[in-house]
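Step one of this worksheet: look at the structure below.
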Amino acid sequence: MRTLAALLGAALMCPAADLPSPEKLPANPDLPDPLTTLAGKKVTTKKEWQTVRRPELKELFQHYMYGRYPAVPAKVSAKVLFEDKEAFGGKATVRELALTMSDQAPQVHVLLSLPNRRSGPAPVFVGLNFTGNHSITDHPKVRVPTEWMRNSPTVKANKATEAGRGKSQRWPLEAIAERGYAVATAYYGEIIPDDPKVRGGLSEVLMPRVRNQHQTERPPEPDDTAAVMAWAWGLHRMIDHLTTLPEIDAKRVAVVGHSRLGKAALVAAAFDDRVAVAFPSQAGCGGTGPSRSKNPKAETVQRINSSFPHWFCGHFKAFNDDTTKLPFDQHCLVAICAPRPVLFTNATEDQWANPPGQFDVLKAATPVYKLLGVEGLEAEAYPEENKLIASRLGYWVRPGKHDMTPDDWKTYLAFADRWLK
């Protein structure tokens with residue numbers, strides 16, 4: 001397992017104590033130059049990027065937006081709950097694993113699908129799901145989550161039911177296995193619940209509260225770990241185990257996620273170099289969309305912080321009324337991933353996720369890729385629907401609405417065939 005230093009990169013160059021409070025940051029209405037440090041120094045070499053600016057950006061994103069990256073456990077252990085070597089008519093081996101990350105925390109259950117027809121270790125898509133592993137396949141042995149879940153026709157009193165088994169179309173495991181790829185997914189509520197009023201999952205590990213003699217919680221710090229960072233941390237712990245398996249190619253790990261879990265996937269790629277390719281789907285504001293939005297139909301920082309205050313740390317709320325003071329924008333998060341490939345996928349009717357703004361984010365990250373000697377986004381004009389820009393920084397937009405569909409997966413697989421195979 002890699003150490004925390006390896007996960008986070010080189011030593012951070014801007015200790016949190018030295019960072020200005022949000023109101024003291026200078027205003028910049030444009031997307032900040034990813035190759036200019038907070039102190040105003042222009043970065044012109046690969047070494048300066050790796051040792052100065054990239055660590056600085058990681059620190060800035062933790063301090064002002066996503067909160068602190070949690071401590072890494074000394075060991076992630078796994079227990080196989082069941083294995084079916086003839087799933088999908090013999091096309092895949094399906095396992096469910098129980099991961100233990102702390103003696104004091106609940107387990108996280110991972111559904112793993114391995115293609116049976118492969119010439120060696122398989123590349124793997126790693127991602128979190130919204131509705132439980134049982135919703136992705138109708139296999140009767142897959143566990144129905146007992147953790148808190150958002151109510152729906154198949155979720156009653158915030159508890160999943162058998163009625164949800166096999167109902168999700170967002171993870172076409174059979175089609176993915178046919179293309180030679182593995183999939184590992186877990187219910188995101190097992191990391192932490194998607195509700196600020198619910199303490200469950202790994203909350204006590206990821207977001208500990210220091211209690212005084214009266215057993216009352218301390219007030220939160222403005223850079224406490226928030227939900228998006230916690231979900232990204234959970235993806236890393238899944239990767240910890242997956243990369244020990246002989247069936248998985250540790251050098252061909254992709255992260256994938258939709259909407260808020262697309263935000264987590266991009267953060268996971270930025271904070272862990274073991275991720276070879278990132279596939280954030282319709283991740284919008286706080287993920288793949290710029291905070292400095294020019295799209296009047298797009299979600300704003302103020303709106304997302306009001307609706308989902310637990311997704312981002314306390315400092316991020318200070319930018320609700322003035323995003324020009326952010327010392328970065330989302331192109332800087334993509335730049336941290338350089339030179340690794342990243343694909344943004346969108347839908348035309350989902351203007352809330354700001355598809356054109358996401359295209360601008362990729363363009364603004366391209367100078368970092370070029371500094372590192374590779375191409376970035378190889379397109380100047382916004383593409384037509386269903387036309388994949390398959391450059392190292394890739395983009396695709398389809399007709400339709402906010403969802404993760406089989407057509408999206410066809411695009412992920414086409415991009416993966418280029419960059420993972």
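In the structure tokens, each chain is lettered A, B, ... as it comes, each chain's residues begin at 1, and ligands are numbered from 1 in order of appearance.
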
Checklist entry - What lies within 7 Å of range 221-238 of chain A using only C-alpha atoms, ignoring chain neighbours under 6 positions off, as a list in words? => result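 Non-adjacent residues within range: Gln62, His63, Tyr64, Tyr66, Gly67, Arg68, Tyr69, Pro70, Val76, Gly127, Tyr188, Ile191, Leu206, Met207, Lys263, Ala264, Ala265, Val267, Ala268, His310, Trp311, Phe312, Cys313, Gly314 and His315 of chain A.
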
Item to check | Gly90 in chain A surroundings by only C-alpha atoms, 9 Å radius, close-in-sequence under 4 positions cut, as a list in words | outcome: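 Counting only the stated atoms, we get Lys85, Glu86 and Asn116 of chain A.
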
Item to check | Spatial neighbours of Lys401 in chain A, max dist 12 Å, only C-alpha atoms, sep filter under 4 positions, as a PyMOL selection string | outcome: chain A and resi 259+281-282+345-353+355+397+405+408

Just the selected residues (N, CA and C atoms), exported as a compact mmCIF listing (two decimals), in the first residue's frame, please.
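Dumped everything to part_14.txt:
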```
# COMPACT_ATOMS: atom_id res chain seq x y z
N SER A 259 -22.58 12.62 -11.50
CA SER A 259 -23.12 13.72 -10.71
C SER A 259 -22.22 13.99 -9.49
N SER A 281 -18.78 11.97 -14.82
CA SER A 281 -19.97 12.15 -15.65
C SER A 281 -20.86 13.24 -15.10
N GLN A 282 -21.11 14.27 -15.91
CA GLN A 282 -22.07 15.33 -15.59
C GLN A 282 -21.88 15.83 -14.15
N THR A 345 -18.06 13.86 -19.66
CA THR A 345 -19.24 13.51 -20.44
C THR A 345 -20.45 14.29 -19.94
N ASN A 346 -21.32 14.68 -20.88
CA ASN A 346 -22.44 15.56 -20.55
C ASN A 346 -23.66 15.24 -21.39
N ALA A 347 -24.76 15.96 -21.11
CA ALA A 347 -26.00 15.84 -21.88
C ALA A 347 -26.52 17.24 -22.17
N THR A 348 -27.04 17.42 -23.37
CA THR A 348 -27.43 18.75 -23.84
C THR A 348 -28.50 19.38 -22.96
N GLU A 349 -29.46 18.59 -22.51
CA GLU A 349 -30.55 19.15 -21.70
C GLU A 349 -30.16 19.38 -20.25
N ASP A 350 -28.98 18.93 -19.87
CA ASP A 350 -28.52 19.09 -18.48
C ASP A 350 -27.67 20.35 -18.36
N GLN A 351 -28.28 21.50 -18.62
CA GLN A 351 -27.54 22.75 -18.51
C GLN A 351 -27.18 23.07 -17.06
N TRP A 352 -27.89 22.48 -16.10
CA TRP A 352 -27.58 22.65 -14.68
C TRP A 352 -26.13 22.24 -14.40
N ALA A 353 -25.63 21.24 -15.16
CA ALA A 353 -24.25 20.77 -15.01
C ALA A 353 -23.27 21.58 -15.85
N PRO A 355 -22.58 22.08 -19.43
CA PRO A 355 -21.72 21.44 -20.43
C PRO A 355 -20.74 22.38 -21.13
N VAL A 397 -20.66 15.00 -25.49
CA VAL A 397 -21.99 15.44 -25.07
C VAL A 397 -23.02 14.70 -25.92
N THR A 405 -25.99 6.44 -18.59
CA THR A 405 -26.73 5.53 -19.44
C THR A 405 -25.80 4.52 -20.12
N ASP A 408 -23.55 6.25 -22.45
CA ASP A 408 -22.39 6.84 -21.78
C ASP A 408 -21.29 5.80 -21.62
```

Each residue of range 364-401 of chain A with at least one atom at most 8 Å from range 325-336 of chain A should appear once, together with its nearest atom pair and the corresponding distance in Å (one decimal); atoms considered: only C-alpha atoms; ordering: chain, then increasing residue number; output as JSON lines.
```
{"residue": "A:Ala364", "atom": "CA", "partner": "A:His331", "partner_atom": "CA", "distance": 5.8}
{"residue": "A:Ala365", "atom": "CA", "partner": "A:His331", "partner_atom": "CA", "distance": 4.9}
{"residue": "A:Thr366", "atom": "CA", "partner": "A:Ala335", "partner_atom": "CA", "distance": 7.6}
{"residue": "A:Val368", "atom": "CA", "partner": "A:Ala335", "partner_atom": "CA", "distance": 6.0}
{"residue": "A:Tyr369", "atom": "CA", "partner": "A:Ala335", "partner_atom": "CA", "distance": 7.2}
```

Distance query Leu377 in chain A at most 12 Å, only C-alpha atoms, self and fewer than 3 positions along chain excluded, as a short mmCIF file (atom, residue, chain, number, x, y, z; two decimals) with N, CA and C atoms, in the first residue's frame:
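Output file selection-v4.cif follows:
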```cif
data_model
loop_
_atom_site.label_atom_id
_atom_site.label_comp_id
_atom_site.auth_asym_id
_atom_site.auth_seq_id
_atom_site.Cartn_x
_atom_site.Cartn_y
_atom_site.Cartn_z
N HIS A 331 -10.53 23.86 -13.44
CA HIS A 331 -9.47 23.47 -14.37
C HIS A 331 -8.18 23.14 -13.63
N VAL A 334 -8.34 19.51 -12.64
CA VAL A 334 -7.98 18.68 -13.79
C VAL A 334 -6.47 18.72 -14.00
N ALA A 335 -5.88 19.91 -13.86
CA ALA A 335 -4.43 20.06 -14.08
C ALA A 335 -3.62 19.19 -13.12
N ALA A 338 -2.73 15.89 -14.52
CA ALA A 338 -1.81 15.81 -15.67
C ALA A 338 -0.59 14.96 -15.31
N PRO A 339 -0.11 14.16 -16.27
CA PRO A 339 -0.50 14.06 -17.68
C PRO A 339 -1.52 12.96 -17.96
N PRO A 341 -5.04 10.92 -18.65
CA PRO A 341 -6.25 11.27 -19.40
C PRO A 341 -7.47 11.48 -18.49
N VAL A 342 -8.32 12.41 -18.90
CA VAL A 342 -9.57 12.70 -18.20
C VAL A 342 -10.64 12.91 -19.27
N LEU A 343 -11.81 12.27 -19.12
CA LEU A 343 -12.92 12.45 -20.04
C LEU A 343 -14.11 13.05 -19.31
N PHE A 344 -14.59 14.20 -19.79
CA PHE A 344 -15.83 14.80 -19.30
C PHE A 344 -16.97 14.35 -20.22
N GLN A 358 -17.88 23.25 -18.83
CA GLN A 358 -16.95 22.14 -18.64
C GLN A 358 -15.94 22.06 -19.79
N PHE A 359 -16.39 22.37 -20.99
CA PHE A 359 -15.48 22.40 -22.13
C PHE A 359 -14.40 23.47 -21.90
N ASP A 360 -14.82 24.62 -21.37
CA ASP A 360 -13.85 25.69 -21.06
C ASP A 360 -12.86 25.25 -19.99
N VAL A 361 -13.32 24.46 -19.03
CA VAL A 361 -12.43 23.95 -17.98
C VAL A 361 -11.32 23.12 -18.59
N LEU A 362 -11.65 22.26 -19.53
CA LEU A 362 -10.63 21.43 -20.17
C LEU A 362 -9.65 22.27 -20.98
N LYS A 363 -10.16 23.27 -21.67
CA LYS A 363 -9.26 24.15 -22.42
C LYS A 363 -8.30 24.86 -21.48
N ALA A 364 -8.80 25.30 -20.32
CA ALA A 364 -7.97 26.05 -19.39
C ALA A 364 -6.94 25.17 -18.68
N ALA A 365 -7.18 23.85 -18.63
CA ALA A 365 -6.21 22.93 -18.03
C ALA A 365 -5.13 22.51 -19.01
N THR A 366 -5.36 22.71 -20.28
CA THR A 366 -4.45 22.23 -21.33
C THR A 366 -3.02 22.76 -21.21
N PRO A 367 -2.79 24.04 -20.83
CA PRO A 367 -1.40 24.50 -20.73
C PRO A 367 -0.53 23.66 -19.79
N VAL A 368 -1.11 23.10 -18.74
CA VAL A 368 -0.32 22.26 -17.83
C VAL A 368 0.07 20.97 -18.54
N TYR A 369 -0.86 20.38 -19.26
CA TYR A 369 -0.53 19.17 -20.01
C TYR A 369 0.58 19.45 -21.01
N LYS A 370 0.50 20.58 -21.68
CA LYS A 370 1.53 20.92 -22.67
C LYS A 370 2.88 21.16 -21.99
N VAL A 374 2.74 16.71 -23.22
CA VAL A 374 1.68 15.94 -23.86
C VAL A 374 0.58 16.90 -24.31
N GLU A 380 -10.84 23.17 -30.52
CA GLU A 380 -11.10 24.56 -30.20
C GLU A 380 -12.58 24.85 -30.09
N ALA A 381 -13.37 24.21 -30.96
CA ALA A 381 -14.81 24.47 -31.02
C ALA A 381 -15.58 23.42 -30.23
N TYR A 382 -16.67 23.86 -29.61
CA TYR A 382 -17.55 22.95 -28.88
C TYR A 382 -18.09 21.90 -29.85
N PRO A 383 -18.07 20.62 -29.47
CA PRO A 383 -18.40 19.55 -30.43
C PRO A 383 -19.90 19.37 -30.64
N LEU A 388 -17.25 12.18 -30.07
CA LEU A 388 -16.27 12.06 -29.01
C LEU A 388 -14.96 12.75 -29.38
N ILE A 389 -14.53 13.66 -28.54
CA ILE A 389 -13.18 14.20 -28.63
C ILE A 389 -12.32 13.29 -27.75
N ALA A 390 -11.51 12.45 -28.38
CA ALA A 390 -10.80 11.39 -27.66
C ALA A 390 -9.37 11.76 -27.34
N SER A 391 -9.05 13.06 -27.31
CA SER A 391 -7.71 13.48 -26.92
C SER A 391 -7.49 13.21 -25.44
N ARG A 392 -6.29 13.42 -24.97
CA ARG A 392 -5.93 13.10 -23.57
C ARG A 392 -6.89 13.79 -22.59
N LEU A 393 -7.24 15.02 -22.87
CA LEU A 393 -8.37 15.66 -22.20
C LEU A 393 -9.54 15.52 -23.17
N GLY A 394 -10.49 14.66 -22.82
CA GLY A 394 -11.56 14.32 -23.75
C GLY A 394 -12.89 14.92 -23.35
N TYR A 395 -13.77 14.99 -24.34
CA TYR A 395 -15.09 15.59 -24.10
C TYR A 395 -16.12 14.89 -24.98
N TRP A 396 -17.33 14.73 -24.43
CA TRP A 396 -18.44 14.13 -25.18
C TRP A 396 -19.75 14.65 -24.62
#
```
